[in-house]
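So this one's entry-v3.cif, mmCIF, C-alpha atoms and all ligand atoms:
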```
data_model
#
loop_
_atom_site.label_atom_id
_atom_site.label_comp_id
_atom_site.auth_asym_id
_atom_site.auth_seq_id
_atom_site.Cartn_x
_atom_site.Cartn_y
_atom_site.Cartn_z
CA MET A 755 -72.38 16.49 -12.68
CA ILE A 756 -69.90 14.70 -10.42
CA TYR A 757 -70.44 13.78 -6.76
CA ASP A 758 -67.23 13.16 -4.84
CA ILE A 759 -68.19 10.52 -2.26
CA SER A 760 -64.73 10.19 -0.65
CA PRO A 761 -63.85 11.88 2.65
CA PRO A 762 -60.69 14.02 2.81
CA LEU A 763 -57.62 11.94 3.72
CA SER A 764 -55.82 13.77 6.52
CA PRO A 765 -54.43 12.95 9.97
CA ARG A 766 -57.82 14.00 11.34
CA LEU A 767 -59.68 11.25 9.46
CA ALA A 768 -60.97 8.61 11.88
CA VAL A 769 -59.79 5.02 11.42
CA TRP A 770 -61.01 1.85 13.12
CA PRO A 771 -59.86 1.86 16.80
CA GLY A 772 -56.38 0.31 16.91
CA ASP A 773 -55.76 0.71 13.18
CA THR A 774 -53.05 3.03 11.79
CA PRO A 775 -54.16 6.62 11.22
CA LEU A 776 -52.76 8.69 8.37
CA THR A 777 -49.52 10.55 8.88
CA ARG A 778 -47.48 12.50 6.37
CA GLU A 779 -43.73 12.58 6.73
CA VAL A 780 -42.19 15.45 4.80
CA LEU A 781 -38.75 14.46 3.51
CA LEU A 782 -38.09 17.60 1.48
CA GLU A 783 -39.83 20.95 1.17
CA ILE A 784 -39.32 23.56 -1.53
CA GLY A 785 -37.21 26.47 -0.26
CA ARG A 786 -36.10 24.68 2.93
CA PRO A 787 -32.60 23.35 3.58
CA SER A 788 -32.43 19.56 3.11
CA ALA A 789 -30.36 17.11 5.14
CA SER A 790 -27.40 17.80 2.85
CA ASN A 791 -27.95 21.53 3.52
CA PHE A 792 -28.85 22.50 -0.05
CA VAL A 793 -32.10 24.42 -0.41
CA SER A 794 -34.57 21.93 -1.85
CA ASN A 795 -36.31 22.62 -5.15
CA ILE A 796 -38.90 19.90 -4.63
CA THR A 797 -41.40 18.85 -1.99
CA LEU A 798 -41.41 15.12 -1.23
CA SER A 799 -43.46 13.27 1.34
CA THR A 800 -44.18 9.76 2.60
CA LEU A 801 -47.65 8.45 3.46
CA HIS A 802 -48.21 6.07 6.39
CA ALA A 803 -51.72 4.69 6.90
CA THR A 804 -53.96 1.67 7.07
CA VAL A 805 -55.23 0.59 3.65
CA HIS A 806 -58.75 0.66 5.17
CA LEU A 807 -58.57 4.44 4.92
CA GLY A 808 -61.60 6.62 4.24
CA ALA A 809 -63.47 5.40 1.17
CA HIS A 810 -61.92 1.99 0.54
CA ALA A 811 -62.43 -1.36 -1.15
CA ASP A 812 -62.09 -4.47 1.02
CA ALA A 813 -60.34 -7.39 -0.68
CA PRO A 814 -61.66 -10.92 -0.05
CA SER A 815 -58.30 -11.66 1.65
CA HIS A 816 -59.36 -9.28 4.42
CA TYR A 817 -62.00 -11.76 5.62
CA GLY A 818 -61.16 -15.06 3.88
CA ALA A 819 -58.05 -17.24 4.25
CA ASP A 820 -56.40 -17.80 0.84
CA ALA A 821 -58.97 -15.49 -0.80
CA PRO A 822 -57.89 -12.99 -3.50
CA ALA A 823 -55.94 -9.87 -2.54
CA ILE A 824 -56.98 -6.47 -3.85
CA HIS A 825 -54.66 -6.56 -6.93
CA GLU A 826 -56.35 -9.75 -8.07
CA ARG A 827 -59.86 -8.29 -8.24
CA GLY A 828 -61.49 -7.32 -11.55
CA LEU A 829 -61.84 -3.59 -12.06
CA ASP A 830 -65.31 -4.08 -13.56
CA TYR A 831 -66.73 -4.40 -10.04
CA TYR A 832 -65.80 -0.81 -9.31
CA LEU A 833 -66.85 0.85 -12.55
CA GLY A 834 -70.33 1.16 -14.03
CA PRO A 835 -74.05 1.73 -13.37
CA CYS A 836 -74.88 2.17 -9.72
CA GLN A 837 -77.99 2.87 -7.67
CA VAL A 838 -77.90 5.05 -4.55
CA VAL A 839 -80.58 4.25 -1.98
CA ARG A 840 -81.28 5.91 1.34
CA VAL A 841 -82.56 3.77 4.22
CA ALA A 842 -83.99 4.69 7.62
CA ALA A 843 -81.70 2.44 9.65
CA ALA A 844 -81.51 2.86 13.42
CA ARG A 845 -78.02 3.13 14.88
CA GLY A 846 -76.45 -0.20 15.78
CA THR A 847 -78.86 -2.24 13.61
CA ARG A 848 -78.51 -4.17 10.37
CA VAL A 849 -80.30 -3.06 7.20
CA ALA A 850 -82.90 -5.73 6.30
CA PRO A 851 -83.89 -6.74 2.74
CA ASP A 852 -87.34 -5.12 2.97
CA MET A 853 -85.78 -1.70 3.64
CA LEU A 854 -84.55 -1.51 0.03
CA PRO A 855 -86.63 -0.93 -3.11
CA GLN A 856 -87.33 -4.28 -4.81
CA PRO A 857 -85.93 -5.07 -7.23
CA VAL A 858 -82.88 -2.84 -7.35
CA ARG A 859 -82.09 -1.29 -10.72
CA ALA A 860 -78.30 -1.64 -11.10
CA GLU A 861 -75.47 -4.14 -10.56
CA ARG A 862 -73.94 -1.82 -7.97
CA VAL A 863 -75.82 -0.46 -4.97
CA LEU A 864 -74.67 2.20 -2.50
CA ILE A 865 -76.62 2.33 0.75
CA ALA A 866 -76.84 5.60 2.68
CA THR A 867 -77.67 4.99 6.34
CA GLY A 868 -76.64 8.35 7.80
CA THR A 869 -75.38 6.54 10.92
CA PHE A 870 -71.70 7.54 10.64
CA PRO A 871 -72.14 11.27 10.08
CA ASP A 872 -68.62 12.59 10.72
CA PRO A 873 -65.61 10.88 9.07
CA GLU A 874 -63.37 12.61 11.64
CA GLN A 875 -65.29 11.26 14.64
CA PHE A 876 -65.49 7.47 15.02
CA ASN A 877 -68.88 6.42 16.40
CA THR A 878 -69.19 2.70 17.14
CA ASP A 879 -73.00 2.53 16.85
CA PHE A 880 -73.14 2.76 13.05
CA ALA A 881 -75.61 0.61 11.08
CA ALA A 882 -74.48 -2.35 8.97
CA LEU A 883 -75.89 -4.79 6.41
CA SER A 884 -77.77 -7.98 7.20
CA PRO A 885 -76.41 -11.12 5.50
CA GLU A 886 -79.95 -11.72 4.20
CA LEU A 887 -79.81 -8.37 2.39
CA VAL A 888 -76.45 -9.23 0.80
CA ARG A 889 -77.84 -12.60 -0.34
CA ARG A 890 -80.98 -10.97 -1.75
CA LEU A 891 -78.92 -8.44 -3.71
CA HIS A 892 -76.73 -11.27 -5.02
CA GLU A 893 -79.86 -13.07 -6.28
CA GLN A 894 -80.76 -9.88 -8.16
CA GLY A 895 -77.39 -9.81 -9.93
CA VAL A 896 -75.75 -7.15 -7.75
CA ARG A 897 -71.92 -7.41 -7.76
CA LEU A 898 -70.88 -4.53 -5.50
CA VAL A 899 -72.42 -2.98 -2.39
CA GLY A 900 -71.14 0.20 -0.76
CA ILE A 901 -72.03 1.76 2.57
CA ASP A 902 -71.47 5.09 4.38
CA THR A 903 -70.11 3.40 7.52
CA PRO A 904 -66.73 1.81 8.39
CA SER A 905 -68.01 -1.77 8.00
CA VAL A 906 -70.73 -3.90 6.41
CA ASP A 907 -70.87 -5.71 9.80
CA LEU A 908 -71.65 -4.17 13.18
CA PHE A 909 -68.78 -2.75 15.27
CA ASP A 910 -68.71 -5.57 17.83
CA SER A 911 -69.46 -8.40 15.38
CA LYS A 912 -66.96 -11.26 15.75
CA ASP A 913 -68.11 -13.73 13.07
CA LEU A 914 -68.65 -11.03 10.41
CA PRO A 915 -71.68 -12.72 8.74
CA SER A 916 -72.11 -10.04 6.08
CA HIS A 917 -68.42 -10.06 5.08
CA GLN A 918 -68.66 -13.88 4.89
CA THR A 919 -71.70 -13.61 2.61
CA PHE A 920 -69.81 -11.25 0.29
CA LEU A 921 -67.02 -13.86 0.22
CA ARG A 922 -69.38 -16.75 -0.66
CA CYS A 923 -71.17 -14.67 -3.32
CA ASP A 924 -67.90 -13.29 -4.78
CA MET A 925 -69.19 -9.72 -4.46
CA ALA A 926 -67.23 -6.52 -3.80
CA ILE A 927 -67.42 -4.16 -0.81
CA LEU A 928 -66.93 -0.41 -0.56
CA GLU A 929 -66.87 1.15 2.92
CA GLY A 930 -66.39 4.63 4.33
CA LEU A 931 -68.34 6.42 1.58
CA VAL A 932 -69.76 9.92 2.09
CA LEU A 933 -73.29 9.87 0.70
CA LYS A 934 -75.02 12.64 2.64
CA ASP A 935 -75.26 15.05 -0.32
CA VAL A 936 -76.16 12.48 -2.97
CA PRO A 937 -79.82 12.23 -4.06
CA GLU A 938 -81.21 8.74 -4.60
CA GLY A 939 -80.98 7.58 -8.21
CA ILE A 940 -78.88 5.92 -10.88
CA TYR A 941 -75.29 7.04 -11.52
CA GLN A 942 -72.04 5.82 -13.00
CA LEU A 943 -69.72 4.72 -10.20
CA ILE A 944 -65.95 5.09 -10.51
CA ALA A 945 -64.05 3.80 -7.46
CA LEU A 946 -60.91 1.99 -8.60
CA PRO A 947 -58.64 0.39 -5.99
CA LEU A 948 -54.86 0.80 -6.32
CA LYS A 949 -52.94 -2.23 -7.61
CA LEU A 950 -51.49 -3.01 -4.17
CA VAL A 951 -49.98 -6.48 -4.53
CA GLY A 952 -51.01 -8.81 -1.73
CA PHE A 953 -52.93 -6.16 0.21
CA ASP A 954 -56.26 -6.74 1.96
CA ALA A 955 -57.83 -3.43 0.86
CA SER A 956 -57.14 -0.18 -0.96
CA PRO A 957 -58.26 3.39 -0.56
CA VAL A 958 -60.34 4.52 -3.56
CA ARG A 959 -61.27 7.90 -4.95
CA ALA A 960 -64.98 7.19 -5.22
CA ILE A 961 -67.11 9.37 -7.46
CA LEU A 962 -70.60 9.21 -8.91
CA LYS A 963 -71.29 10.67 -12.35
CA LYS A 964 -74.81 11.65 -13.39
ZN ZN B 1001 -64.86 -4.42 5.67
#
```

Final structure tokens representation of the file:
Amino acid sequence: MIYDISPPLSPRLAVWPGDTPLTREVLLEIGRPSASNFVSNITLSTLHATVHLGAHADAPSHYGADAPAIHERGLDYYLGPCQVVRVAAARGTRVAPDMLPQPVRAERVLIATGTFPDPEQFNTDFAALSPELVRRLHEQGVRLVGIDTPSVDLFDSKDLPSHQTFLRCDMAILEGLVLKDVPEGIYQLIALPLKLVGFDASPVRAILKK
């Protein structure tokens, strides 16, 4: 059984306000005349988009000066046993440590808040993680935390305390996951970032295997 926890990547997918949405530029299309007027026998397109697109992995360089870029991160963060937990978080609040089962049962934890229900409609009142929760998970040996919202910090947060805690604890972040159809439990997570040299994030195809 495989759960695909990535939203579809299309021009309709919502990105952070001010960030670059996805566009597809078609250079060639099968059966259509190309610029040189020959009928093309291939389709060829170019992708333009933010790297914080849909389900994505933040690199430490996104929130830390001189911190590692996404190509420098170990793939073991993004591959292996993973616990999915569902929390009753109010919109616009941070998930506190006591809202999670203690202790957690895997090195990777995905937190379903249900506060960003439509990937094609950006709502700014999504829930986020408290830095205390990130620290508590770190103490329990957790190396990656994922969330079903665009950020582990609140929309209007300026000092990004949860991102900063991930940086200090050398943990990995997944954002933009779609967890609404996934029952709580233990899975194998596969969510590898692309080897984008120097980049501050990468889209991932995130799946959970039972
Ligand atoms: Zn982030």

Where does chain A meet ligand ZN 1001 (chain B) within 6 Å, residue by residue, with the nearest atom pair and distance in Å to one decimal for each, counting all atoms listed in the file, listed by chain and rising number, as CSV?
```
residue,atom,partner,partner_atom,distance
A:Asp812,CA,B:ZN1001,ZN,5.4
A:Ser905,CA,B:ZN1001,ZN,4.7
A:Val906,CA,B:ZN1001,ZN,5.9
```

Measure the distance from CA of Lys964 in chain A to CA of Thr903 in chain A in Å and round it to one decimal.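 Result for CA of Lys964 in chain A versus CA of Thr903 in chain A: 23.0 Å, one decimal.
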
Residues at most 8 Å from range 797-800 of chain A, counting all atoms listed in the file, excluding those fewer than 2 positions away in the same chain, as number ranges by chain? A: 778-784, 794-795, 802

Next, write the just-selected residues to a file, as a PDB file, in the coordinates of the input, keeping C-alpha atoms as the atom set.
```
ATOM      1  CA  ARG A 778     -47.480  12.500   6.370  1.00  0.00           C
ATOM      2  CA  GLU A 779     -43.730  12.580   6.730  1.00  0.00           C
ATOM      3  CA  VAL A 780     -42.190  15.450   4.800  1.00  0.00           C
ATOM      4  CA  LEU A 781     -38.750  14.460   3.510  1.00  0.00           C
ATOM      5  CA  LEU A 782     -38.090  17.600   1.480  1.00  0.00           C
ATOM      6  CA  GLU A 783     -39.830  20.950   1.170  1.00  0.00           C
ATOM      7  CA  ILE A 784     -39.320  23.560  -1.530  1.00  0.00           C
ATOM      8  CA  SER A 794     -34.570  21.930  -1.850  1.00  0.00           C
ATOM      9  CA  ASN A 795     -36.310  22.620  -5.150  1.00  0.00           C
ATOM     10  CA  HIS A 802     -48.210   6.070   6.390  1.00  0.00           C
TER      11      HIS A 802
END
```

Near range 953-958 of chain A, within 7 Å and counting all atoms listed in the file, which residues show up once chain neighbours fewer than 3 positions away are dropped, as a VMD selection string? chain A and resid 805 to 813 815 to 816 823 to 824 945 to 948 950

Spatial neighbours of Trp770 in chain A, 12 Å, only C-alpha atoms, chain gap at least 6 places, as a PyMOL selection string: chain A and resi 776+803-808+873-878+903-905+909-910+929-930

Polymer residues at most 10 Å from (-80.3, 7.6, 7.3) by all atoms listed in the file, as a PDB file with C-alpha atoms, in the frame of the given file:
```pdb
ATOM      1  CA  VAL A 839     -80.580   4.250  -1.980  1.00  0.00           C
ATOM      2  CA  ARG A 840     -81.280   5.910   1.340  1.00  0.00           C
ATOM      3  CA  VAL A 841     -82.560   3.770   4.220  1.00  0.00           C
ATOM      4  CA  ALA A 842     -83.990   4.690   7.620  1.00  0.00           C
ATOM      5  CA  ALA A 843     -81.700   2.440   9.650  1.00  0.00           C
ATOM      6  CA  ALA A 844     -81.510   2.860  13.420  1.00  0.00           C
ATOM      7  CA  ARG A 845     -78.020   3.130  14.880  1.00  0.00           C
ATOM      8  CA  ILE A 865     -76.620   2.330   0.750  1.00  0.00           C
ATOM      9  CA  ALA A 866     -76.840   5.600   2.680  1.00  0.00           C
ATOM     10  CA  THR A 867     -77.670   4.990   6.340  1.00  0.00           C
ATOM     11  CA  GLY A 868     -76.640   8.350   7.800  1.00  0.00           C
ATOM     12  CA  THR A 869     -75.380   6.540  10.920  1.00  0.00           C
ATOM     13  CA  PHE A 870     -71.700   7.540  10.640  1.00  0.00           C
ATOM     14  CA  PRO A 871     -72.140  11.270  10.080  1.00  0.00           C
ATOM     15  CA  ALA A 881     -75.610   0.610  11.080  1.00  0.00           C
ATOM     16  CA  ASP A 902     -71.470   5.090   4.380  1.00  0.00           C
ATOM     17  CA  LEU A 933     -73.290   9.870   0.700  1.00  0.00           C
ATOM     18  CA  LYS A 934     -75.020  12.640   2.640  1.00  0.00           C
TER      19      LYS A 934
END
```

Taking only C-alpha atoms into account, which of A:Leu898, A:Ala960, A:Ile756, A:Val932 comes nearest Asp830 in chain A?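 Nearest candidate to Asp830 in chain A out of A:Leu898, A:Ala960, A:Ile756, A:Val932: A:Leu898.
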
Rounded to one decimal in Å, what is the spacing between CA of Lys912 in chain A and CA of Pro761 in chain A?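 Between these atoms lies a distance of 26.8 Å.
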
Choose the residue, out of A:Gly900, A:Gly772, A:Pro857, A:Pro787, that has the smallest atom-to-atom separation from Val838 in chain A; count all atoms listed in the file.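 Once distances to Val838 in chain A are computed over all atoms listed in the file, the minimum belongs to A:Gly900.
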
CA of Ser916 in chain A to CA of Val888 in chain A: how many Å, to one decimal?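 Result for CA of Ser916 in chain A versus CA of Val888 in chain A: 6.9 Å, one decimal.
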
Please identify all polymer residues lying at most 6 Å from the point (-79.2, -5.0, 7.0) (file coordinates), using only C-alpha atoms, and present the result as a list in words.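 Selection result: Arg848, Val849, Ala850, Ala882, Leu883, Ser884 and Leu887 of chain A.
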
If we count all atoms listed in the file and set the cut-off at 9 Å, which residues sit around range 917-923 of chain A, ignoring sequence neighbours fewer than 3 positions away in its own chain? Please answer as a list in words. Pro814, Tyr817, Gly818, Ala821, Pro885, Glu886, Val888, Arg889, His892, Arg897, Leu898, Ser905, Val906, Asp907, Asp913, Leu914, Ala926 and Ile927 of chain A

Shortest interatomic distance to Pro822 in chain A - which of A:Leu962, A:Asp872, A:Val936, A:Asp924, counting only C-alpha atoms: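 Comparing A:Leu962, A:Asp872, A:Val936, A:Asp924 against Pro822 in chain A, the winner is A:Asp924.
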
For a quick check of understanding, using only C-alpha atoms, which of A:Leu931, A:Ile961, A:Ile940, A:Val793 has the smallest distance to Cys836 in chain A?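 For Cys836 in chain A, the nearest of the given residues is A:Ile940.
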